[in-house]
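S.K.: So that we are looking at the same thing, I have put the structure below in structure tokens.
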Amino acid sequence: MVDPNTPVVVAARRTPIAPKGGALARLTAAELAAPVIRASVDETGLAEVGDVVLGNVMGPGGNIARVAALAAGLDVTVPGMTIDRQCGSGLAAIITAAEAIRAGDGRLRIAGGVESCSTTPIRIADGVAYDRAPFAPPGHPDPDMVRAAQDLAVFDGIDRDRQDAYAARSHRLAVLTQGHRGFDAELVPLAGVTADSGPRERMPTMLDRFPPLFPGAGGTLTAGNSCRDSDGAAAVALVPAGAGLPGLALIATATVGCDPALPGLGPVPAVERLLATAGVTLADVAAIELVEAFAAQALAALTRLGLTDQDSRVCADGGALALGHPWGASAAVSVVRLFSRLVRSGAPAGTLGLATAAVGGGLGVAALFEVVR
């Protein structure tokens, strides 16, 4: 029996995902987020919203969640909070919003993430433009995520063929799902865009043509087996289980730190702690969504968790390698995907789903959900 104050995801929507400079390039982060906030509220049929919490990584600053909430037509009394846990931001926002419900505030919460890579402002320090803030202070390793993924491929001996095979799997699954309109129920069209731009039917046959991003010994990472920086937003609606609505009950979470030199391994200790807390094993989990930032990173994490490259439970409709990676939104997209795979598909009560992401600087975040009917 789920406790009445257990937070439950009762609606989950996302925008189509488009690559940086693509079909959504002219929309700001707030303009991307507002429609999914509105759709998530409307899907619940509930009127009072307690808060809007959004993850964002490289936006214009300010409080994007508040701006987007107002743009979505929510009352001026509804607050908003924007948080940054890098690529885990969307899931971190959902966990943060859920904590208020678990503490006894029964009002509807909207949470998720958004990223407009296309409108990311140029950042300047001491008169010099820079791509990102440090992930770690001086004296600690501080690789960007591309370099870190290549280092992890070398560290684990993950060769080019294996990475390409995993990327090909992601595209094949996403193309198949898109072909039978399996994403449609979760999508909120905007700016005339009604479908994800990323899945490409011919990509599996093209992967061997991409040059290595780091030529030389061990250079196996390519643009083909890496995600594309993308624009998009995702949001979910959370209420207490006592409201009696069907959805995904959030039954356990874990956020951990790991070696900042190999941040792609973050999901491993996060999932291990999560499972220990919940008293279950991966064998008990029916659906797994891992943010596939890089094939090498995904494979390293899956292998350490005892999962195979082709485990049918993992990103069963393709992941970020095919769909794209809107940094602050991707981990929330994972929860939207779980909602479609489990709740919309009619999975029975008690079915478990897992969402997890690696985070720059050496972090991992994970959440375990259970279907309630």
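So you can find residues: chains in the structure tokens are A, B, ... in the order shown, residues in each start at 1, and ligands are numbered from 1 in order.
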I'd like the contact shell of Arg373 (chain A) - 10 Å cut-off, only C-alpha atoms, skipping same-chain residues fewer than 5 positions apart - returned as a list of chain:residue names.
M.R.: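 Skipping anything fewer than 5 positions along the chain leaves A:Gly244, A:Leu245, A:Pro246, A:Gly247, A:Leu248, A:Ala249, A:Val343, A:Gly346, A:Ala347, A:Pro348, A:Ala349, A:Gly350.
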S.K.: Can you list every residue in region 159-310 of chain A that DSSP puts in alpha helix (DSSP H), as a PyMOL selection string?
M.R.: chain A and resi 160-179+203-206+267-278+295-304
S.K.: For region 352-354 of chain A, please output as a list in words all residues within 8 Å (counting only C-alpha atoms; exclusion window: fewer than 6 positions along the same chain).
M.R.: Asp284, Val285, Ala286, Ala287, Ile288, Glu289, Leu338, Leu342, Ala366, Ala367, Leu368, Phe369, Glu370 and Val371 of chain A
S.K.: Give the answer as one residue: which of A:Ala295, A:Leu32, A:Leu24, A:Ala332 has the shortest atom-to-atom distance to Asp309 (chain A), using only C-alpha atoms?
M.R.: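 With only C-alpha atoms as the atom set, the closest residue is A:Ala295.
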S.K.: Could you pull the residues within 10 Å of region 145-149 of chain A, counting only C-alpha atoms, minus those fewer than 3 positions along the same chain, as a PyMOL selection string?
M.R.: chain A and resi 135+141-142+152-155+213-214+220-223+226-227+260-265+293-298+300+358-361
S.K.: Identify which of the residues A:Arg202, A:Arg107, A:Arg26, A:His180 lies closest to Ala243 (chain A), counting only C-alpha atoms when measuring atom-to-atom distances.
M.R.: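 For Ala243 (chain A), the nearest of the given residues is A:Arg107.
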S.K.: So that I can see what lies close to Asp229 (chain A), please list as a list of chain:residue names the residues with an atom at most 7 Å from it, counting only C-alpha atoms and leaving out residues fewer than 4 positions away in the same chain.
M.R.: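 In the requested format, the answer is A:Pro19, A:Lys20, A:Cys117, A:Gly324, A:His325, A:Pro326.
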S.K.: Would you write out those residues with C-alpha atoms, as a PDB file, in the first residue's frame?
M.R.:
ATOM      1  CA  PRO A  19      18.910  19.895 -32.627  1.00  0.00           C
ATOM      2  CA  LYS A  20      20.616  23.166 -31.787  1.00  0.00           C
ATOM      3  CA  CYS A 117      20.787  25.354 -26.611  1.00  0.00           C
ATOM      4  CA  GLY A 324      18.821  14.543 -28.842  1.00  0.00           C
ATOM      5  CA  HIS A 325      19.969  15.945 -25.514  1.00  0.00           C
ATOM      6  CA  PRO A 326      18.399  19.216 -24.284  1.00  0.00           C
TER       7      PRO A 326
END
S.K.: I need the strand (DSSP E) residues of region 228-334 of chain A per DSSP on the backbone, written as a count of residues only.
M.R.: 28
S.K.: Given the choices A:Leu207, A:Arg132, A:Gly218, A:Leu363, which gets closest to Val271 (chain A) if the distance is worked out from only C-alpha atoms?
M.R.: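 Among the listed residues, A:Leu363 lies closest to Val271 (chain A).
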S.K.: I'd like the neighbourhood of Leu54 (chain A) as a ChimeraX atom specification, where a residue qualifies if any of its atoms comes within 12 Å (using only C-alpha atoms), though same-chain residues fewer than 6 positions away should be ignored.
M.R.: /A:29-30,32-34,36-37,63-69,79-86,88-97,109-115,233-237,328-332
S.K.: Rounded to one decimal, what separation in Å do you get between CA of Asn225 (chain A) and CA of Leu321 (chain A)?
M.R.: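 Computed distance, CA of Asn225 (chain A) to CA of Leu321 (chain A), equals 7.0 Å.
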S.K.: If you measure from CA of Arg123 (chain A) to CA of Met58 (chain A), what distance in Å do you get, rounded to one decimal?
M.R.: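 Answer for the CA of Arg123 (chain A) to CA of Met58 (chain A) separation: 9.5 Å.
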S.K.: Between CA of Arg102 (chain A) and CA of Pro7 (chain A), what is the spacing in Å?
M.R.: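 One can read the CA of Pro7 (chain A) to CA of Arg102 (chain A) distance as 6.1 Å.
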S.K.: Which is closer to Arg228 (chain A) than all the others in A:Pro211, A:Gly257, A:Gly179, A:Pro199, using only C-alpha atoms?
M.R.: A:Pro199
S.K.: Using only C-alpha atoms for the distances, tell me which of A:Gln150, A:Glu272, A:Ala129, A:Ala278 is nearest to Gly216 (chain A).
M.R.: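 Selected residue with least distance to Gly216 (chain A): A:Gln150.
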